[in-house]
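Input: a single structure, listed below in structure tokens.
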Amino acid sequence: MTKTKEPLWTRSFIMLMVGNLFVFMSFQMLIPTLPPYIKSLGASGLEIGLVTTLFSIGAVLSRPFIGFMLEYKDRKPLVIIGVVSLLLITVIYPLSSIVVIFLMFRFVHGLAWGWSTTVNGTAAVDVVPKSRLGEGMGYYGLSITIGMIIAPSLGIYLFQVTTFTNLIITSSVLGVIAIVLLALVRYQTPAVVKETKKDDLKFSYMGSLIEKSSWFPAFITIMVTFGYGSIVTFIVIFGEERGIQHIFLFYLFNAIMASISRPVAGKWFDDHGPKGLVLFCIAITFAGMWALSFAHSDALIIVSGILFGVGFGSLIPTLQSWTLSMTPDNRRGVANGMFFSSIDLGIGLSGLVFGVLAQFVDIGVLFQISSFFLVLAFIVAVMQGRKQQKRRRLGQARQA
């Protein structure tokens, strides 16, 4: 008899997914525009670099605290606090005409971003049926991917054709829509969380930063995002240096293929587990980085975008699902925070390391060098798989 699948496309899941898309749209359109804005205020090169660094520090610092709160608090108020905080900080950016004050706002923005991404992701895991976790988080991840791909282009366009204030107004409107949508979600706080009292728990910063049961996929995430970080930082400059006019095609085909491949990858995860899928995605992403490094025309930009959409577009939600599938229900918030901190850490360190290296090598060569961190992630994942197989055999031999 065929087992009936638990429903995935509930009203709450749809509202949460679309609400999160608007959160990412509102936030990501500011990413490429804040550095030139602070430069116009007279910021030095170091201060421009601090726009990203202080934000990343804030995000990583806040996640253990919100991860701890998710062990005993209902989801809805935490979600609303996060998105409202993001909106308020966005609105006050035009008031920061002094560089030091702007950088302070940026650090606080990082704190709010760490809060919001951790809570929203955990709320999504609670809403998705366990039997369809990979598929559900794959679809949820589309709200992140589409926001990260569309919004920066929109932000750059608005920054170029209108004022910074109008850009902030547009971002704020998207933030308000996100608040309305997320307020309408029926959240499902796990029973074990409802039964837990704050007094029953003891806060440990490291204990809320790292979830020991699922540290390994988070470690893989650091390595793959470290490799990917060079593209986030340098792809626009790469296009300018090579005379490639339509660099947006990389993002376009990346988004299209990620949208197609993520649901397929999610179902594969649910049916067969993460390991083979992770290795496949890393290999495809590696090929995409090399295709990009040789690009001098739109053709290879499109090819690399397709490869990245299939590879990296499926890899990140797979690693998130893997992390969460290994985590007890009451520790999902901690694990989700650890996962997003791994992304911030990988990309943040990558920008610093490859920013220094870019002074000495061609950016195409830089992409090739960074691709070997994907090779390292592949090797580590294979070795871990073999270790686990050996442990299983030893356990079976002892039982026999």
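Labeling convention for the structure tokens: chains A, B, ... as they appear, residues from 1 per chain, ligands from 1 in order of appearance.
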Taking a cut-off of 10 Å and counting only C-alpha atoms, can you build a table that, for each residue of segment 188-303 of chain A near segment 372-391 of chain A, reports the nearest atom pair and how far apart they are in Å (one decimal), sorted by chain then residue number, as JSON lines?
```
{"residue": "A:Phe216", "atom": "CA", "partner": "A:Ala381", "partner_atom": "CA", "distance": 8.8}
{"residue": "A:Pro217", "atom": "CA", "partner": "A:Ala381", "partner_atom": "CA", "distance": 8.7}
{"residue": "A:Phe219", "atom": "CA", "partner": "A:Ala377", "partner_atom": "CA", "distance": 8.7}
{"residue": "A:Ile220", "atom": "CA", "partner": "A:Ala377", "partner_atom": "CA", "distance": 5.8}
{"residue": "A:Thr221", "atom": "CA", "partner": "A:Ala377", "partner_atom": "CA", "distance": 8.4}
{"residue": "A:Ile222", "atom": "CA", "partner": "A:Ala377", "partner_atom": "CA", "distance": 9.0}
{"residue": "A:Met223", "atom": "CA", "partner": "A:Ala377", "partner_atom": "CA", "distance": 5.9}
{"residue": "A:Val224", "atom": "CA", "partner": "A:Leu374", "partner_atom": "CA", "distance": 5.3}
{"residue": "A:Thr225", "atom": "CA", "partner": "A:Leu374", "partner_atom": "CA", "distance": 8.7}
{"residue": "A:Phe226", "atom": "CA", "partner": "A:Phe373", "partner_atom": "CA", "distance": 7.1}
{"residue": "A:Gly227", "atom": "CA", "partner": "A:Phe373", "partner_atom": "CA", "distance": 5.3}
{"residue": "A:Tyr228", "atom": "CA", "partner": "A:Leu374", "partner_atom": "CA", "distance": 8.6}
{"residue": "A:Lys275", "atom": "CA", "partner": "A:Ala381", "partner_atom": "CA", "distance": 7.7}
{"residue": "A:Gly276", "atom": "CA", "partner": "A:Val382", "partner_atom": "CA", "distance": 9.3}
{"residue": "A:Val278", "atom": "CA", "partner": "A:Phe378", "partner_atom": "CA", "distance": 8.3}
{"residue": "A:Leu279", "atom": "CA", "partner": "A:Phe378", "partner_atom": "CA", "distance": 6.0}
{"residue": "A:Phe280", "atom": "CA", "partner": "A:Phe378", "partner_atom": "CA", "distance": 9.1}
{"residue": "A:Cys281", "atom": "CA", "partner": "A:Phe378", "partner_atom": "CA", "distance": 9.6}
{"residue": "A:Ile282", "atom": "CA", "partner": "A:Leu374", "partner_atom": "CA", "distance": 6.3}
{"residue": "A:Ala283", "atom": "CA", "partner": "A:Phe378", "partner_atom": "CA", "distance": 7.8}
{"residue": "A:Thr285", "atom": "CA", "partner": "A:Leu374", "partner_atom": "CA", "distance": 8.0}
{"residue": "A:Phe286", "atom": "CA", "partner": "A:Leu374", "partner_atom": "CA", "distance": 6.4}
{"residue": "A:Met289", "atom": "CA", "partner": "A:Leu374", "partner_atom": "CA", "distance": 9.8}
```
Since we have the selection now, will you write its residues out, keeping N, CA, C and O atoms, as a PDB file, in the first residue's frame?
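Listing of out29.pdb after writing:
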```
ATOM      1  N   PHE A 216      29.587  18.568  11.381  1.00  0.00           N
ATOM      2  CA  PHE A 216      30.330  18.217  10.173  1.00  0.00           C
ATOM      3  C   PHE A 216      29.790  18.893   8.913  1.00  0.00           C
ATOM      4  O   PHE A 216      30.565  19.504   8.160  1.00  0.00           O
ATOM      5  N   PRO A 217      28.466  18.841   8.615  1.00  0.00           N
ATOM      6  CA  PRO A 217      27.997  19.549   7.424  1.00  0.00           C
ATOM      7  C   PRO A 217      28.222  21.062   7.506  1.00  0.00           C
ATOM      8  O   PRO A 217      28.424  21.717   6.473  1.00  0.00           O
ATOM      9  N   PHE A 219      30.874  22.414   8.865  1.00  0.00           N
ATOM     10  CA  PHE A 219      32.295  22.541   8.525  1.00  0.00           C
ATOM     11  C   PHE A 219      32.492  22.493   7.008  1.00  0.00           C
ATOM     12  O   PHE A 219      33.260  23.277   6.441  1.00  0.00           O
ATOM     13  N   ILE A 220      31.771  21.587   6.345  1.00  0.00           N
ATOM     14  CA  ILE A 220      31.815  21.517   4.882  1.00  0.00           C
ATOM     15  C   ILE A 220      31.306  22.828   4.284  1.00  0.00           C
ATOM     16  O   ILE A 220      31.838  23.333   3.288  1.00  0.00           O
ATOM     17  N   THR A 221      30.277  23.407   4.909  1.00  0.00           N
ATOM     18  CA  THR A 221      29.718  24.673   4.437  1.00  0.00           C
ATOM     19  C   THR A 221      30.760  25.786   4.466  1.00  0.00           C
ATOM     20  O   THR A 221      30.838  26.600   3.536  1.00  0.00           O
ATOM     21  N   ILE A 222      31.561  25.845   5.518  1.00  0.00           N
ATOM     22  CA  ILE A 222      32.620  26.861   5.596  1.00  0.00           C
ATOM     23  C   ILE A 222      33.571  26.725   4.414  1.00  0.00           C
ATOM     24  O   ILE A 222      33.941  27.717   3.763  1.00  0.00           O
ATOM     25  N   MET A 223      33.972  25.501   4.105  1.00  0.00           N
ATOM     26  CA  MET A 223      34.943  25.290   3.024  1.00  0.00           C
ATOM     27  C   MET A 223      34.375  25.669   1.654  1.00  0.00           C
ATOM     28  O   MET A 223      35.035  26.323   0.855  1.00  0.00           O
ATOM     29  N   VAL A 224      33.131  25.265   1.371  1.00  0.00           N
ATOM     30  CA  VAL A 224      32.574  25.536   0.040  1.00  0.00           C
ATOM     31  C   VAL A 224      32.246  27.020  -0.119  1.00  0.00           C
ATOM     32  O   VAL A 224      32.409  27.585  -1.218  1.00  0.00           O
ATOM     33  N   THR A 225      31.785  27.684   0.958  1.00  0.00           N
ATOM     34  CA  THR A 225      31.500  29.112   0.832  1.00  0.00           C
ATOM     35  C   THR A 225      32.786  29.935   0.802  1.00  0.00           C
ATOM     36  O   THR A 225      32.817  31.016   0.201  1.00  0.00           O
ATOM     37  N   PHE A 226      33.853  29.426   1.407  1.00  0.00           N
ATOM     38  CA  PHE A 226      35.154  30.088   1.285  1.00  0.00           C
ATOM     39  C   PHE A 226      35.583  30.090  -0.181  1.00  0.00           C
ATOM     40  O   PHE A 226      36.066  31.092  -0.702  1.00  0.00           O
ATOM     41  N   GLY A 227      35.390  28.959  -0.865  1.00  0.00           N
ATOM     42  CA  GLY A 227      35.713  28.894  -2.290  1.00  0.00           C
ATOM     43  C   GLY A 227      34.817  29.795  -3.115  1.00  0.00           C
ATOM     44  O   GLY A 227      35.269  30.492  -4.034  1.00  0.00           O
ATOM     45  N   TYR A 228      33.535  29.840  -2.771  1.00  0.00           N
ATOM     46  CA  TYR A 228      32.562  30.637  -3.524  1.00  0.00           C
ATOM     47  C   TYR A 228      32.714  32.134  -3.265  1.00  0.00           C
ATOM     48  O   TYR A 228      32.351  32.965  -4.107  1.00  0.00           O
ATOM     49  N   LYS A 275      24.945  12.374   1.316  1.00  0.00           N
ATOM     50  CA  LYS A 275      26.374  12.310   1.000  1.00  0.00           C
ATOM     51  C   LYS A 275      26.686  12.277  -0.488  1.00  0.00           C
ATOM     52  O   LYS A 275      27.498  13.057  -0.991  1.00  0.00           O
ATOM     53  N   GLY A 276      26.040  11.377  -1.235  1.00  0.00           N
ATOM     54  CA  GLY A 276      26.286  11.324  -2.669  1.00  0.00           C
ATOM     55  C   GLY A 276      25.874  12.613  -3.354  1.00  0.00           C
ATOM     56  O   GLY A 276      26.558  13.102  -4.271  1.00  0.00           O
ATOM     57  N   VAL A 278      25.830  15.673  -2.013  1.00  0.00           N
ATOM     58  CA  VAL A 278      26.809  16.710  -1.670  1.00  0.00           C
ATOM     59  C   VAL A 278      28.048  16.591  -2.562  1.00  0.00           C
ATOM     60  O   VAL A 278      28.540  17.597  -3.101  1.00  0.00           O
ATOM     61  N   LEU A 279      28.548  15.379  -2.745  1.00  0.00           N
ATOM     62  CA  LEU A 279      29.737  15.178  -3.590  1.00  0.00           C
ATOM     63  C   LEU A 279      29.462  15.580  -5.032  1.00  0.00           C
ATOM     64  O   LEU A 279      30.297  16.230  -5.681  1.00  0.00           O
ATOM     65  N   PHE A 280      28.292  15.209  -5.547  1.00  0.00           N
ATOM     66  CA  PHE A 280      27.915  15.576  -6.917  1.00  0.00           C
ATOM     67  C   PHE A 280      27.850  17.091  -7.074  1.00  0.00           C
ATOM     68  O   PHE A 280      28.392  17.660  -8.042  1.00  0.00           O
ATOM     69  N   CYS A 281      27.210  17.771  -6.123  1.00  0.00           N
ATOM     70  CA  CYS A 281      27.060  19.224  -6.204  1.00  0.00           C
ATOM     71  C   CYS A 281      28.402  19.947  -6.112  1.00  0.00           C
ATOM     72  O   CYS A 281      28.627  20.950  -6.795  1.00  0.00           O
ATOM     73  N   ILE A 282      29.296  19.448  -5.255  1.00  0.00           N
ATOM     74  CA  ILE A 282      30.628  20.055  -5.149  1.00  0.00           C
ATOM     75  C   ILE A 282      31.363  19.924  -6.474  1.00  0.00           C
ATOM     76  O   ILE A 282      31.999  20.887  -6.948  1.00  0.00           O
ATOM     77  N   ALA A 283      31.287  18.748  -7.106  1.00  0.00           N
ATOM     78  CA  ALA A 283      31.983  18.519  -8.380  1.00  0.00           C
ATOM     79  C   ALA A 283      31.451  19.449  -9.474  1.00  0.00           C
ATOM     80  O   ALA A 283      32.228  20.028 -10.248  1.00  0.00           O
ATOM     81  N   THR A 285      29.950  22.366  -9.030  1.00  0.00           N
ATOM     82  CA  THR A 285      30.350  23.735  -8.685  1.00  0.00           C
ATOM     83  C   THR A 285      31.802  23.983  -9.056  1.00  0.00           C
ATOM     84  O   THR A 285      32.157  25.064  -9.577  1.00  0.00           O
ATOM     85  N   PHE A 286      32.664  23.003  -8.827  1.00  0.00           N
ATOM     86  CA  PHE A 286      34.076  23.108  -9.207  1.00  0.00           C
ATOM     87  C   PHE A 286      34.204  23.336 -10.713  1.00  0.00           C
ATOM     88  O   PHE A 286      34.953  24.221 -11.160  1.00  0.00           O
ATOM     89  N   MET A 289      33.303  26.905 -11.594  1.00  0.00           N
ATOM     90  CA  MET A 289      34.330  27.901 -11.278  1.00  0.00           C
ATOM     91  C   MET A 289      35.402  27.945 -12.359  1.00  0.00           C
ATOM     92  O   MET A 289      35.885  29.023 -12.728  1.00  0.00           O
TER      93      MET A 289
END
```
Neighbours of Ile80 of chain A within 12 Å (only C-alpha atoms; same-chain residues fewer than 3 positions away dropped), as a PyMOL selection string?
chain A and resi 16+19-20+23+74-77+83-87+112+115-117+119-120+123+175-176+178-185+187
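In this comparison, which uses only C-alpha atoms, the residue of A:Asp200, A:Glu241, A:Glu211, A:Glu135 approaching Met338 of chain A most closely is A:Glu211.
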Go through A:Tyr72, A:Phe13, A:Phe65, A:Trp322 and flag the residue nearest Asp126 of chain A, using only C-alpha atoms for the distances.
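The closest residue to Asp126 of chain A is A:Phe13.
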Could you work out how far atom CA of Val365 of chain A lies from atom CA of Ser293 of chain A, giving the answer in Å with one decimal?
6.7 Å
